[in-house]
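Everything below belongs to entry-v1.cif, which stores mmCIF, C-alpha atoms and all ligand atoms.
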data_coords
#
loop_
_atom_site.label_atom_id
_atom_site.label_comp_id
_atom_site.auth_asym_id
_atom_site.auth_seq_id
_atom_site.Cartn_x
_atom_site.Cartn_y
_atom_site.Cartn_z
CA MET P 108 3.79 -48.21 -29.00
CA ASN P 109 1.75 -47.47 -32.09
CA VAL P 110 3.11 -44.49 -34.08
CA ARG P 111 0.74 -42.91 -36.60
CA ILE P 112 2.14 -41.66 -39.92
CA ALA P 113 0.61 -39.45 -42.62
CA LEU P 114 2.29 -40.05 -45.99
CA THR P 115 2.29 -37.64 -48.93
CA GLY P 116 3.32 -39.27 -52.21
CA PHE P 117 2.58 -42.91 -53.01
CA GLY P 118 5.07 -43.54 -55.83
CA ASN P 119 8.24 -45.66 -55.64
CA VAL P 120 9.20 -44.44 -52.17
CA GLY P 121 5.70 -44.32 -50.68
CA GLN P 122 4.82 -47.79 -51.95
CA GLY P 123 8.27 -49.02 -50.85
CA LEU P 124 7.50 -47.74 -47.36
CA ALA P 125 4.09 -49.44 -47.28
CA THR P 126 5.65 -52.71 -48.52
CA LEU P 127 8.44 -52.61 -45.93
CA LEU P 128 6.08 -51.78 -43.07
CA ARG P 129 3.73 -54.58 -44.19
CA ASP P 130 6.66 -57.02 -44.10
CA ARG P 131 8.73 -55.70 -41.20
CA ASN P 132 6.37 -54.13 -38.64
CA GLU P 133 6.34 -57.33 -36.54
CA LEU P 134 10.14 -57.25 -36.45
CA TYR P 135 10.21 -53.60 -35.36
CA GLU P 136 7.65 -54.31 -32.67
CA ARG P 137 9.71 -57.23 -31.31
CA ARG P 138 13.02 -55.38 -31.61
CA TYR P 139 12.09 -51.84 -30.61
CA GLY P 140 8.58 -52.06 -29.17
CA VAL P 141 7.29 -49.73 -31.88
CA ARG P 142 4.75 -50.34 -34.66
CA PHE P 143 4.22 -47.84 -37.48
CA THR P 144 0.69 -47.30 -38.82
CA LEU P 145 -0.24 -45.35 -41.96
CA THR P 146 -3.26 -43.25 -41.03
CA GLY P 147 -3.30 -40.99 -44.10
CA VAL P 148 -1.96 -41.37 -47.65
CA ARG P 149 -2.07 -38.71 -50.35
CA ASP P 150 -1.34 -39.02 -54.05
CA ARG P 151 -2.07 -36.72 -57.00
CA SER P 152 -5.68 -37.89 -57.29
CA GLY P 153 -6.69 -37.48 -53.67
CA ALA P 154 -6.28 -38.86 -50.18
CA VAL P 155 -7.48 -41.59 -47.88
CA THR P 156 -7.38 -41.43 -44.08
CA ASP P 157 -8.22 -43.60 -41.09
CA PRO P 158 -6.83 -42.72 -37.65
CA HIS P 159 -7.05 -46.41 -36.67
CA GLY P 160 -4.67 -47.39 -39.47
CA LEU P 161 -5.00 -48.15 -43.17
CA ASP P 162 -4.36 -51.65 -44.48
CA PHE P 163 -0.97 -51.77 -46.27
CA ALA P 164 -1.97 -54.50 -48.73
CA ALA P 165 -5.24 -52.72 -49.60
CA LEU P 166 -3.39 -49.45 -50.27
CA LEU P 167 -0.88 -51.20 -52.55
CA HIS P 168 -3.69 -53.08 -54.32
CA ALA P 169 -5.75 -49.91 -54.86
CA LYS P 170 -2.73 -48.08 -56.28
CA SER P 171 -1.84 -50.86 -58.69
CA GLU P 172 -5.43 -51.58 -59.78
CA GLN P 173 -6.96 -48.08 -59.82
CA GLY P 174 -3.90 -45.85 -60.07
CA THR P 175 -4.78 -44.06 -56.82
CA VAL P 176 -5.23 -44.73 -53.12
CA ALA P 177 -8.19 -42.39 -53.11
CA ALA P 178 -10.88 -43.86 -55.35
CA GLY P 179 -14.19 -43.04 -53.69
CA ALA P 180 -12.56 -41.15 -50.82
CA ASN P 181 -13.83 -37.86 -49.50
CA ASP P 182 -12.47 -35.14 -51.77
CA MET P 183 -12.19 -32.72 -48.84
CA GLU P 184 -9.23 -34.73 -47.59
CA ARG P 185 -7.05 -33.21 -50.34
CA ASP P 186 -6.94 -30.01 -48.30
CA VAL P 187 -3.74 -29.88 -46.16
CA PRO P 188 -5.24 -29.14 -42.69
CA THR P 189 -8.17 -31.50 -43.30
CA PHE P 190 -5.87 -34.32 -44.38
CA LEU P 191 -3.55 -33.88 -41.40
CA GLU P 192 -6.43 -33.54 -38.93
CA ALA P 193 -8.22 -36.61 -40.32
CA SER P 194 -5.04 -38.70 -40.11
CA GLN P 195 -4.40 -37.87 -36.42
CA ALA P 196 -0.76 -38.65 -37.22
CA GLN P 197 2.29 -37.89 -35.06
CA ILE P 198 4.70 -37.91 -38.02
CA LEU P 199 4.44 -36.66 -41.61
CA VAL P 200 6.51 -38.58 -44.17
CA GLU P 201 6.82 -36.28 -47.21
CA ALA P 202 7.60 -38.34 -50.33
CA ALA P 203 5.82 -36.51 -53.15
CA SER P 204 7.65 -35.39 -56.30
CA THR P 205 10.53 -32.95 -55.78
CA ASN P 206 9.90 -29.50 -57.20
CA TYR P 207 12.64 -26.84 -57.30
CA VAL P 208 10.30 -24.03 -58.45
CA ASP P 209 8.05 -23.65 -55.39
CA ALA P 210 8.74 -26.87 -53.41
CA GLU P 211 5.06 -27.85 -53.66
CA PRO P 212 3.13 -29.93 -52.83
CA GLY P 213 5.59 -30.93 -50.08
CA TRP P 214 6.18 -27.51 -48.53
CA SER P 215 2.53 -26.87 -47.56
CA TYR P 216 2.28 -30.30 -45.94
CA VAL P 217 5.59 -29.91 -44.08
CA LEU P 218 4.65 -26.48 -42.70
CA GLY P 219 1.12 -27.66 -41.91
CA ALA P 220 2.49 -30.66 -40.02
CA ILE P 221 4.90 -28.57 -37.93
CA ASP P 222 2.06 -26.16 -37.22
CA ARG P 223 0.01 -29.07 -35.87
CA GLY P 224 2.88 -30.22 -33.61
CA MET P 225 3.94 -33.16 -35.80
CA ASP P 226 7.48 -34.31 -36.48
CA VAL P 227 8.53 -34.58 -40.12
CA VAL P 228 10.59 -37.05 -42.15
CA VAL P 229 11.22 -35.85 -45.72
CA ALA P 230 12.36 -37.78 -48.77
CA SER P 231 11.74 -34.98 -51.30
CA LYS P 232 14.30 -32.21 -51.49
CA GLY P 233 12.25 -29.15 -52.52
CA SER P 234 11.42 -27.83 -49.04
CA LEU P 235 15.05 -28.16 -47.90
CA ALA P 236 16.54 -26.71 -51.09
CA LEU P 237 14.25 -23.65 -51.24
CA HIS P 238 13.18 -23.00 -47.64
CA TRP P 239 15.99 -24.27 -45.38
CA ASN P 240 16.00 -21.39 -42.88
CA GLU P 241 12.23 -21.06 -42.65
CA LEU P 242 11.78 -24.81 -42.21
CA MET P 243 14.45 -25.25 -39.54
CA GLY P 244 13.29 -22.06 -37.79
CA ALA P 245 9.67 -23.23 -37.68
CA ALA P 246 10.67 -26.70 -36.42
CA LYS P 247 12.92 -25.25 -33.72
CA ALA P 248 10.27 -22.79 -32.54
CA ALA P 249 7.72 -25.60 -32.31
CA GLY P 250 10.14 -28.10 -30.73
CA ARG P 251 9.65 -30.50 -33.65
CA HIS P 252 12.14 -32.82 -35.34
CA VAL P 253 12.83 -32.69 -39.10
CA LEU P 254 14.80 -35.69 -40.39
CA TYR P 255 15.93 -35.99 -44.00
CA SER P 256 18.44 -38.84 -44.44
CA ALA P 257 16.64 -40.03 -47.58
CA THR P 258 17.28 -36.74 -49.40
CA VAL P 259 21.06 -36.97 -49.60
CA GLY P 260 21.91 -40.11 -51.53
CA SER P 261 20.37 -42.82 -49.43
CA PRO P 262 21.32 -45.34 -48.14
CA VAL P 263 24.81 -43.80 -47.70
CA PRO P 264 24.81 -42.58 -44.06
CA SER P 265 26.25 -39.13 -44.91
CA LEU P 266 24.44 -37.15 -42.23
CA GLN P 267 24.85 -39.78 -39.52
CA LEU P 268 28.59 -39.99 -40.24
CA ALA P 269 28.94 -36.22 -39.97
CA GLU P 270 26.62 -35.63 -37.03
CA ARG P 271 27.18 -38.72 -34.87
CA VAL P 272 30.57 -40.19 -35.74
CA LEU P 273 32.60 -37.07 -36.53
CA VAL P 274 30.90 -35.11 -33.78
CA GLY P 275 34.12 -34.29 -31.87
CA ALA P 276 36.23 -33.50 -34.95
CA ASP P 277 36.29 -30.46 -37.26
CA ILE P 278 34.82 -31.01 -40.72
CA LEU P 279 36.74 -28.87 -43.21
CA GLY P 280 34.83 -30.00 -46.29
CA PHE P 281 33.33 -32.95 -48.12
CA GLU P 282 33.07 -34.34 -51.62
CA GLY P 283 30.81 -37.02 -53.00
CA ILE P 284 29.18 -38.90 -55.84
CA LEU P 285 25.65 -37.97 -54.82
CA ASN P 286 23.51 -38.76 -57.87
CA ALA P 287 23.13 -42.42 -58.86
CA THR P 288 21.62 -41.82 -62.30
CA SER P 289 24.33 -39.52 -63.66
CA HIS P 290 26.92 -41.89 -62.18
CA GLN P 291 25.37 -44.83 -64.01
CA ILE P 292 25.44 -42.83 -67.28
CA LEU P 293 29.08 -41.78 -66.75
CA THR P 294 30.06 -45.38 -65.95
CA ALA P 295 28.49 -46.51 -69.24
CA MET P 296 30.27 -43.68 -71.11
CA SER P 297 33.62 -44.65 -69.57
CA GLN P 298 32.99 -48.14 -71.01
CA GLY P 299 32.48 -46.74 -74.51
CA ALA P 300 28.78 -45.76 -74.67
CA SER P 301 27.82 -42.35 -76.06
CA TYR P 302 25.98 -39.88 -73.80
CA ALA P 303 22.67 -40.70 -75.56
CA GLU P 304 23.25 -44.46 -75.18
CA GLY P 305 24.13 -43.99 -71.50
CA VAL P 306 20.89 -42.07 -70.90
CA ARG P 307 18.86 -44.68 -72.77
CA GLN P 308 20.41 -47.53 -70.74
CA ALA P 309 19.70 -45.68 -67.49
CA GLN P 310 16.10 -45.17 -68.64
CA GLU P 311 15.77 -48.88 -69.48
CA MET P 312 17.09 -49.70 -65.99
CA GLY P 313 14.28 -47.53 -64.56
CA MET P 314 16.77 -45.01 -63.15
CA ALA P 315 16.53 -42.01 -65.49
CA GLU P 316 13.30 -40.07 -66.07
CA THR P 317 12.02 -39.49 -69.62
CA ASP P 318 13.39 -35.98 -69.08
CA PRO P 319 16.66 -36.61 -67.21
CA THR P 320 17.45 -32.89 -66.71
CA LEU P 321 17.47 -32.87 -62.90
CA ASP P 322 20.05 -35.69 -62.84
CA VAL P 323 22.28 -34.95 -65.83
CA ASP P 324 22.45 -31.18 -65.34
CA GLY P 325 23.49 -31.59 -61.71
CA TRP P 326 20.37 -30.14 -60.02
CA ASP P 327 19.81 -33.20 -57.84
CA ALA P 328 23.50 -33.38 -56.83
CA ALA P 329 23.53 -29.62 -56.11
CA ALA P 330 20.48 -29.95 -53.83
CA LYS P 331 22.24 -32.75 -51.94
CA VAL P 332 25.43 -30.68 -51.57
CA LEU P 333 23.32 -27.83 -50.19
CA ILE P 334 21.51 -30.07 -47.70
CA VAL P 335 24.68 -31.75 -46.37
CA ALA P 336 26.54 -28.41 -46.25
CA ASN P 337 23.75 -26.65 -44.35
CA ALA P 338 23.44 -29.58 -41.92
CA VAL P 339 27.18 -29.87 -41.33
CA PHE P 340 28.35 -26.25 -41.43
CA GLY P 341 25.16 -24.58 -40.11
CA SER P 342 25.06 -22.49 -43.29
CA SER P 343 21.98 -21.23 -45.15
CA LEU P 344 22.91 -22.05 -48.74
CA ARG P 345 20.21 -21.95 -51.39
CA LEU P 346 20.26 -23.83 -54.67
CA ASP P 347 21.62 -20.80 -56.56
CA ASP P 348 24.66 -20.72 -54.23
CA VAL P 349 25.93 -24.08 -55.56
CA ARG P 350 28.02 -23.64 -58.73
CA ARG P 351 26.68 -26.32 -61.06
CA GLN P 352 27.92 -28.12 -64.13
CA GLY P 353 26.35 -31.43 -65.23
CA ILE P 354 27.54 -34.27 -67.44
CA ARG P 355 26.05 -33.29 -70.82
CA GLY P 356 29.32 -31.65 -71.84
CA VAL P 357 31.56 -34.64 -71.02
CA GLY P 358 32.99 -35.60 -74.41
CA ALA P 359 34.68 -38.63 -75.92
CA GLN P 360 38.11 -36.91 -75.88
CA GLU P 361 37.88 -36.15 -72.18
CA LEU P 362 36.89 -39.75 -71.44
CA GLU P 363 39.73 -41.04 -73.61
CA ARG P 364 42.28 -38.78 -71.87
CA ALA P 365 41.11 -40.12 -68.51
CA ARG P 366 41.31 -43.72 -69.76
CA GLU P 367 44.88 -43.22 -71.01
CA ALA P 368 45.85 -41.97 -67.55
CA ASN P 369 44.09 -45.01 -66.02
CA GLU P 370 41.57 -42.64 -64.44
CA VAL P 371 37.82 -41.98 -64.70
CA ILE P 372 35.45 -39.00 -64.91
CA LYS P 373 33.00 -38.64 -62.02
CA LEU P 374 30.36 -36.01 -61.23
CA ILE P 375 31.63 -34.67 -57.91
CA GLY P 376 29.60 -32.52 -55.53
CA ARG P 377 31.61 -30.73 -52.88
CA ALA P 378 31.50 -28.02 -50.25
CA ARG P 379 34.35 -26.56 -48.25
CA LEU P 380 34.91 -23.90 -45.65
CA VAL P 381 37.06 -21.14 -47.17
CA ASP P 382 37.87 -18.22 -44.86
CA GLY P 383 34.81 -19.09 -42.79
CA LYS P 384 32.48 -19.16 -45.83
CA VAL P 385 31.02 -22.26 -47.48
CA VAL P 386 31.97 -22.70 -51.14
CA ALA P 387 29.91 -25.35 -52.92
CA SER P 388 29.92 -26.83 -56.41
CA VAL P 389 29.02 -29.75 -58.65
CA ALA P 390 31.16 -30.59 -61.70
CA PRO P 391 32.69 -33.51 -63.61
CA GLU P 392 36.25 -34.30 -62.48
CA GLN P 393 38.96 -36.78 -63.39
CA ARG P 394 39.70 -39.16 -60.50
CA SER P 395 42.24 -41.90 -59.96
CA LEU P 396 40.93 -45.47 -59.76
CA ASP P 397 42.16 -45.96 -56.21
CA ASP P 398 40.45 -42.81 -54.94
CA PRO P 399 37.49 -43.73 -52.65
CA LEU P 400 35.11 -42.03 -55.13
CA GLY P 401 37.05 -42.94 -58.30
CA ARG P 402 36.77 -46.64 -57.54
CA LEU P 403 32.93 -46.55 -57.36
CA ARG P 404 31.09 -48.06 -60.34
CA GLY P 405 27.62 -48.20 -61.83
CA ASP P 406 25.03 -46.43 -59.72
CA ALA P 407 27.00 -46.53 -56.44
CA MET P 408 27.20 -43.36 -54.36
CA GLY P 409 29.57 -42.18 -51.67
CA ILE P 410 30.84 -39.26 -49.64
CA VAL P 411 34.25 -38.40 -48.16
CA PHE P 412 34.62 -35.92 -45.30
CA ASP P 413 37.89 -34.06 -44.83
CA THR P 414 38.41 -33.64 -41.10
CA GLU P 415 40.84 -32.47 -38.45
CA PRO P 416 42.44 -34.41 -36.81
CA LEU P 417 41.03 -37.65 -38.24
CA GLY P 418 41.84 -37.03 -41.91
CA ARG P 419 39.51 -38.38 -44.61
CA MET P 420 36.50 -40.49 -43.61
CA ALA P 421 34.38 -42.15 -46.30
CA ALA P 422 30.97 -43.80 -46.52
CA THR P 423 29.97 -45.55 -49.74
CA ASP P 424 27.28 -47.97 -50.85
CA GLU P 425 27.39 -50.93 -53.19
CA PRO P 426 23.76 -51.42 -54.22
CA ALA P 427 22.80 -55.01 -53.52
CA GLY P 428 20.44 -55.27 -56.51
CA GLY P 429 17.00 -56.82 -56.31
CA TYR P 430 15.45 -53.78 -54.58
CA GLY P 431 14.07 -50.93 -56.64
CA GLY P 432 15.40 -47.47 -55.76
CA GLY P 433 12.14 -46.77 -53.96
CA VAL P 434 12.59 -49.58 -51.47
CA THR P 435 16.20 -48.63 -50.74
CA THR P 436 15.08 -45.06 -50.10
CA ALA P 437 12.14 -46.25 -48.02
CA MET P 438 14.62 -48.18 -45.83
CA THR P 439 16.33 -44.86 -45.18
CA VAL P 440 12.97 -43.28 -44.29
CA ILE P 441 12.51 -46.16 -41.82
CA ARG P 442 15.96 -45.41 -40.38
CA ASP P 443 14.74 -41.86 -39.65
CA LEU P 444 11.40 -43.10 -38.28
CA ILE P 445 13.04 -45.50 -35.81
CA ASN P 446 15.61 -42.92 -34.69
CA LEU P 447 12.85 -40.33 -34.31
CA ALA P 448 10.80 -42.78 -32.24
CA ARG P 449 13.89 -43.41 -30.09
CA ASP P 450 14.47 -39.68 -29.58
CA ARG P 451 10.83 -39.22 -28.61
CA GLY P 452 10.98 -42.10 -26.11
CA TRP P 453 8.43 -44.13 -28.09
CA THR P 454 10.65 -47.23 -28.34
CA ARG P 455 11.33 -49.80 -25.66
CA PRO P 456 14.89 -49.78 -24.32
CA PRO P 457 16.87 -52.84 -25.49
CA THR P 458 16.39 -55.78 -23.15
CA ALA P 459 19.20 -58.16 -22.19
N1 LIG P 501 13.20 -42.97 -55.91
C1 LIG P 501 14.24 -42.81 -55.13
O1 LIG P 501 15.08 -43.69 -54.98
C2 LIG P 501 14.43 -41.52 -54.35
C3 LIG P 501 15.62 -41.33 -53.63
C4 LIG P 501 15.76 -40.20 -52.82
C5 LIG P 501 14.77 -39.24 -52.81
N2 LIG P 501 13.65 -39.42 -53.56
C6 LIG P 501 12.62 -38.39 -53.53
O2 LIG P 501 11.45 -38.94 -52.93
C7 LIG P 501 10.29 -38.41 -53.56
C8 LIG P 501 9.45 -39.56 -54.09
O3 LIG P 501 10.20 -40.26 -55.07
P1 LIG P 501 9.51 -41.39 -55.93
O4 LIG P 501 10.59 -42.10 -56.64
O5 LIG P 501 8.56 -42.15 -55.08
O6 LIG P 501 8.68 -40.51 -56.97
P2 LIG P 501 7.43 -40.97 -57.83
O7 LIG P 501 7.41 -42.43 -58.01
O8 LIG P 501 7.39 -40.08 -59.02
O9 LIG P 501 6.18 -40.61 -56.87
C9 LIG P 501 5.84 -39.29 -56.58
C10 LIG P 501 4.53 -39.30 -55.81
O10 LIG P 501 4.16 -37.94 -55.55
C11 LIG P 501 2.79 -37.79 -55.87
N3 LIG P 501 2.52 -36.41 -56.23
C12 LIG P 501 3.06 -35.68 -57.24
N4 LIG P 501 2.52 -34.45 -57.28
C13 LIG P 501 1.60 -34.43 -56.28
C14 LIG P 501 0.68 -33.44 -55.83
N5 LIG P 501 0.63 -32.24 -56.39
N6 LIG P 501 -0.10 -33.75 -54.76
C15 LIG P 501 -0.03 -34.96 -54.16
N7 LIG P 501 0.80 -35.93 -54.57
C16 LIG P 501 1.61 -35.66 -55.61
C17 LIG P 501 2.55 -38.73 -57.04
O11 LIG P 501 1.17 -38.99 -57.16
P3 LIG P 501 0.61 -40.03 -58.28
O12 LIG P 501 1.05 -41.39 -57.78
O13 LIG P 501 -0.86 -39.88 -58.21
O14 LIG P 501 1.23 -39.63 -59.57
C18 LIG P 501 3.37 -39.93 -56.59
O15 LIG P 501 2.59 -40.75 -55.74
C19 LIG P 501 10.78 -37.47 -54.66
O16 LIG P 501 10.74 -36.16 -54.17
C20 LIG P 501 12.21 -37.92 -54.91
O17 LIG P 501 13.03 -36.86 -55.35
C21 LIG P 501 13.45 -40.53 -54.33
#

Reformat the file's structure so that it appears as structure tokens.
Ligand SMILES: NC(=O)c1ccc[n+]([C@@H]2O[C@H](COP(=O)([O-])OP(=O)(O)OC[C@H]3O[C@@H](n4cnc5c(N)ncnc54)[C@H](OP(=O)(O)O)[C@@H]3O)[C@@H](O)[C@H]2O)c1
Amino acid sequence: MNVRIALTGFGNVGQGLATLLRDRNELYERRYGVRFTLTGVRDRSGAVTDPHGLDFAALLHAKSEQGTVAAGANDMERDVPTFLEASQAQILVEAASTNYVDAEPGWSYVLGAIDRGMDVVVASKGSLALHWNELMGAAKAAGRHVLYSATVGSPVPSLQLAERVLVGADILGFEGILNATSHQILTAMSQGASYAEGVRQAQEMGMAETDPTLDVDGWDAAAKVLIVANAVFGSSLRLDDVRRQGIRGVGAQELERAREANEVIKLIGRARLVDGKVVASVAPEQRSLDDPLGRLRGDAMGIVFDTEPLGRMAATDEPAGGYGGGVTTAMTVIRDLINLARDRGWTRPPTA
């Protein structure tokens, strides 16, 4: 079956998605009987739509040559309802820049898509961090799916572990290294770099933004804690509910003390049920080297759930290298797309 997708944001993740679908659609068709078509793509400069499917290579070429997918396109298609209508898509993939002030532009597209009866896969965190209750309420009322694996430290399968694997157990809490950029900086600092050198290295590696505030001050990790906590505990945390301390204040003495104890400093995000309430935080902590999070290096991420009666269950990644962050995240978007297609009955059952 052909599944039509409207995509907002054509940066690392959006282009990663187009590249993967260009290269892997045949495989998905053979394996699952489903083919994904991009029928609308929006970037900052405008939008392009075709309900019969846009050409992946042409989109990537236009973006690299002209800086936009939308050169010469009808300007009206910028408008949310017009864009969604023109795309005739069944699913919105929201991968525009994350914004923790008003969650735009993603929020208008997400609400507009649910309004039109579309399912939604989000990679950007703004809508979830600022509008969790409203979003989940709207999706439930409309009978629509909202999937968001890519928002919580992809490709680590945090949500799948909690929701599918630990489904019969009680989750008491979780802790994780949820932000790759601050982890990379802390790893460099634990090897002797200053904070400024660590940031510069992460920028040279293409990981840290020119302004690294969202990563180093713990905003990104706090949003991920909020999303996992709300998904797992059914809570309605907002960003302000997560106590937050970033890595700017981690000093040479603290790092040296950890080294002398054969331990390391990690930025840990956690949430826990305390007397029936969710308590959530992000802060640097000293961890032993044989701890499942303490042993992670570089830009690796991971999460550990504390459960009854199974004890601690961990999921971690060891980035393979060679893929940019956008492609890795786009693979997680594809995970959601295939699972969504399965849930909707759009895939072919496996054949013997
Ligand atoms: N990169 C990762 O590994 C990763 C991992 C997990 C989650 N995410 C999230 O996924 C999203 C995309 O990440 P990314 O790395 O692809 O970011 P990016 O490279 O900065 O791309 C952002 C895209 O959003 C578009 N955009 C920004 N403001 C817009 C507006 N007002 N209207 C329409 N389009 C707008 C940009 O348009 P232009 O191209 O015209 O500038 C660009 O195409 C972000 O929310 C990020 O937090 C990323």

Could you give me, as a ChimeraX atom specification, the residues within 9 Å of P:Val200, counting all atoms listed in the file and dropping anything in the same chain fewer than 3 positions from it? /P:112-116,121,217,226-230,440,444

Between atom CA of P:Thr175 and atom CA of P:Asn206, what is the distance in Å, rounded to a tenth? 20.7 Å

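Counting all atoms listed in the file and comparing P:Gly224, P:Gly118, P:Gly299, P:Pro399, the residue that lies closest to P:Gln360 is P:Gly299.
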
Residues of chain P at most 9 Å from ligand LIG 501 (chain P): nearest atom pair and distance in Å, only C-alpha atoms and all ligand atoms, as JSON lines:
{"residue": "P:Thr115", "atom": "CA", "partner": "P:LIG501", "partner_atom": "N7", "distance": 6.1}
{"residue": "P:Gly116", "atom": "CA", "partner": "P:LIG501", "partner_atom": "O10", "distance": 3.7}
{"residue": "P:Phe117", "atom": "CA", "partner": "P:LIG501", "partner_atom": "O15", "distance": 3.5}
{"residue": "P:Gly118", "atom": "CA", "partner": "P:LIG501", "partner_atom": "O9", "distance": 3.3}
{"residue": "P:Asn119", "atom": "CA", "partner": "P:LIG501", "partner_atom": "O5", "distance": 3.6}
{"residue": "P:Val120", "atom": "CA", "partner": "P:LIG501", "partner_atom": "O5", "distance": 3.8}
{"residue": "P:Gly121", "atom": "CA", "partner": "P:LIG501", "partner_atom": "O5", "distance": 5.7}
{"residue": "P:Gln122", "atom": "CA", "partner": "P:LIG501", "partner_atom": "O5", "distance": 7.5}
{"residue": "P:Gly123", "atom": "CA", "partner": "P:LIG501", "partner_atom": "O5", "distance": 8.1}
{"residue": "P:Arg149", "atom": "CA", "partner": "P:LIG501", "partner_atom": "C15", "distance": 5.7}
{"residue": "P:Asp150", "atom": "CA", "partner": "P:LIG501", "partner_atom": "N7", "distance": 3.8}
{"residue": "P:Arg151", "atom": "CA", "partner": "P:LIG501", "partner_atom": "O13", "distance": 3.6}
{"residue": "P:Ser152", "atom": "CA", "partner": "P:LIG501", "partner_atom": "O13", "distance": 5.3}
{"residue": "P:Gly153", "atom": "CA", "partner": "P:LIG501", "partner_atom": "C15", "distance": 7.1}
{"residue": "P:Ala154", "atom": "CA", "partner": "P:LIG501", "partner_atom": "C15", "distance": 8.4}
{"residue": "P:Lys170", "atom": "CA", "partner": "P:LIG501", "partner_atom": "O12", "distance": 7.8}
{"residue": "P:Gly174", "atom": "CA", "partner": "P:LIG501", "partner_atom": "O13", "distance": 7.0}
{"residue": "P:Thr175", "atom": "CA", "partner": "P:LIG501", "partner_atom": "O13", "distance": 5.9}
{"residue": "P:Val176", "atom": "CA", "partner": "P:LIG501", "partner_atom": "O13", "distance": 8.3}
{"residue": "P:Arg185", "atom": "CA", "partner": "P:LIG501", "partner_atom": "C15", "distance": 8.2}
{"residue": "P:Glu201", "atom": "CA", "partner": "P:LIG501", "partner_atom": "C7", "distance": 7.5}
{"residue": "P:Ala202", "atom": "CA", "partner": "P:LIG501", "partner_atom": "C7", "distance": 4.2}
{"residue": "P:Ala203", "atom": "CA", "partner": "P:LIG501", "partner_atom": "O10", "distance": 3.2}
{"residue": "P:Ser204", "atom": "CA", "partner": "P:LIG501", "partner_atom": "O16", "distance": 3.8}
{"residue": "P:Thr205", "atom": "CA", "partner": "P:LIG501", "partner_atom": "O16", "distance": 3.6}
{"residue": "P:Asn206", "atom": "CA", "partner": "P:LIG501", "partner_atom": "O16", "distance": 7.4}
{"residue": "P:Glu211", "atom": "CA", "partner": "P:LIG501", "partner_atom": "N5", "distance": 6.8}
{"residue": "P:Pro212", "atom": "CA", "partner": "P:LIG501", "partner_atom": "N5", "distance": 4.9}
{"residue": "P:Gly213", "atom": "CA", "partner": "P:LIG501", "partner_atom": "N6", "distance": 7.9}
{"residue": "P:Val229", "atom": "CA", "partner": "P:LIG501", "partner_atom": "O2", "distance": 7.8}
{"residue": "P:Ala230", "atom": "CA", "partner": "P:LIG501", "partner_atom": "O2", "distance": 4.4}
{"residue": "P:Ser231", "atom": "CA", "partner": "P:LIG501", "partner_atom": "O16", "distance": 3.3}
{"residue": "P:Lys232", "atom": "CA", "partner": "P:LIG501", "partner_atom": "O16", "distance": 6.0}
{"residue": "P:Gly233", "atom": "CA", "partner": "P:LIG501", "partner_atom": "O16", "distance": 7.4}
{"residue": "P:Ser256", "atom": "CA", "partner": "P:LIG501", "partner_atom": "C4", "distance": 8.9}
{"residue": "P:Ala257", "atom": "CA", "partner": "P:LIG501", "partner_atom": "C4", "distance": 5.3}
{"residue": "P:Thr258", "atom": "CA", "partner": "P:LIG501", "partner_atom": "C5", "distance": 4.9}
{"residue": "P:Val259", "atom": "CA", "partner": "P:LIG501", "partner_atom": "C4", "distance": 7.0}
{"residue": "P:Gly260", "atom": "CA", "partner": "P:LIG501", "partner_atom": "C4", "distance": 6.3}
{"residue": "P:Ser261", "atom": "CA", "partner": "P:LIG501", "partner_atom": "C4", "distance": 6.3}
{"residue": "P:Pro262", "atom": "CA", "partner": "P:LIG501", "partner_atom": "C3", "distance": 8.9}
{"residue": "P:Met314", "atom": "CA", "partner": "P:LIG501", "partner_atom": "N1", "distance": 8.3}
{"residue": "P:Asp327", "atom": "CA", "partner": "P:LIG501", "partner_atom": "O17", "distance": 8.1}
{"residue": "P:Gly431", "atom": "CA", "partner": "P:LIG501", "partner_atom": "O1", "distance": 7.5}
{"residue": "P:Gly432", "atom": "CA", "partner": "P:LIG501", "partner_atom": "O1", "distance": 3.9}
{"residue": "P:Gly433", "atom": "CA", "partner": "P:LIG501", "partner_atom": "O1", "distance": 4.4}
{"residue": "P:Val434", "atom": "CA", "partner": "P:LIG501", "partner_atom": "O1", "distance": 7.3}
{"residue": "P:Thr435", "atom": "CA", "partner": "P:LIG501", "partner_atom": "O1", "distance": 6.6}
{"residue": "P:Thr436", "atom": "CA", "partner": "P:LIG501", "partner_atom": "O1", "distance": 5.1}
{"residue": "P:Ala437", "atom": "CA", "partner": "P:LIG501", "partner_atom": "O1", "distance": 8.0}
{"residue": "P:Thr439", "atom": "CA", "partner": "P:LIG501", "partner_atom": "C4", "distance": 9.0}

Just how far from atom CA of P:Ala303 is atom CA of P:Val371, in Å to one decimal? 18.7 Å

Could you name the residues that touch P:Pro188 at 9 Å or less, counting only C-alpha atoms, but leaving out those on the same chain fewer than 2 positions away, as a PDB file with C-alpha atoms, in the coordinates of the input?
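Output saved as around_24.pdb:
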ATOM      1  CA  GLU P 184      -9.230 -34.730 -47.590  1.00  0.00           C
ATOM      2  CA  ARG P 185      -7.050 -33.210 -50.340  1.00  0.00           C
ATOM      3  CA  ASP P 186      -6.940 -30.010 -48.300  1.00  0.00           C
ATOM      4  CA  PHE P 190      -5.870 -34.320 -44.380  1.00  0.00           C
ATOM      5  CA  LEU P 191      -3.550 -33.880 -41.400  1.00  0.00           C
ATOM      6  CA  GLU P 192      -6.430 -33.540 -38.930  1.00  0.00           C
ATOM      7  CA  ALA P 193      -8.220 -36.610 -40.320  1.00  0.00           C
ATOM      8  CA  TYR P 216       2.280 -30.300 -45.940  1.00  0.00           C
ATOM      9  CA  GLY P 219       1.120 -27.660 -41.910  1.00  0.00           C
ATOM     10  CA  ALA P 220       2.490 -30.660 -40.020  1.00  0.00           C
ATOM     11  CA  ARG P 223       0.010 -29.070 -35.870  1.00  0.00           C
TER      12      ARG P 223
END
